[in-house]
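Trainee: Pasting in a structure now, in structure tokens, and then I'll have a few things to ask.
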Amino acid sequence: MDVMKGADIMRAGILDGFQTIIPTAAAVLLKKRQMLRLTQQEIADRAKITLRQYQRLESGERSILTCSFGLACRVIEALDMDVSKFYHGDYYLEEEVKTMRGKGIASRKKSSI
């Protein structure tokens, strides 16, 4: 496997054929926004950032985990999520929670989005 392909697989949440139980931060942002039925512009307005800044975070082009803490907090709170829970990985995509439970993997109670 070439290195770039391997990196893409890890970013997608798959390691050596095993699914990880933690979605990407970008996937959490997207799913939560969709659940709130808000546009990217509405989230950007709530977070007091530009639309393009939010688009980069939601697409994964820029990681919310490596941007400034202040900006990250504004975005996370704009999505009605708890900052501490977000940084501790306590938000899961609903499909992944079902998959984990079906395989007996879920050992820690997590907040689904």
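Letters A, B, ... mark the chains of the structure tokens in the order given; residue numbers begin at 1 per chain; ligand numbers begin at 1, in order shown.
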I want to know what sits within 7 Å of range 30-34 of chain A, based on only C-alpha atoms, with residues of the same chain fewer than 4 positions away left out; could you give that as a list in words?
Mentor: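 So the residues in contact are Ala26, Leu38, Glu58, Leu79 and Ile113 of chain A.
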Trainee: Which of range 30-63 of chain A counts as alpha helix (DSSP H) under DSSP, as a PyMOL selection string please?
Mentor: chain A and resi 30-36+40-47+51-59
Trainee: So, counting only C-alpha atoms, which residue among A:Lys48, A:Leu29, A:Tyr54, A:Phe86 is closest to Arg74 in chain A?
Mentor: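 For Arg74 in chain A, the nearest of the given residues is A:Lys48.
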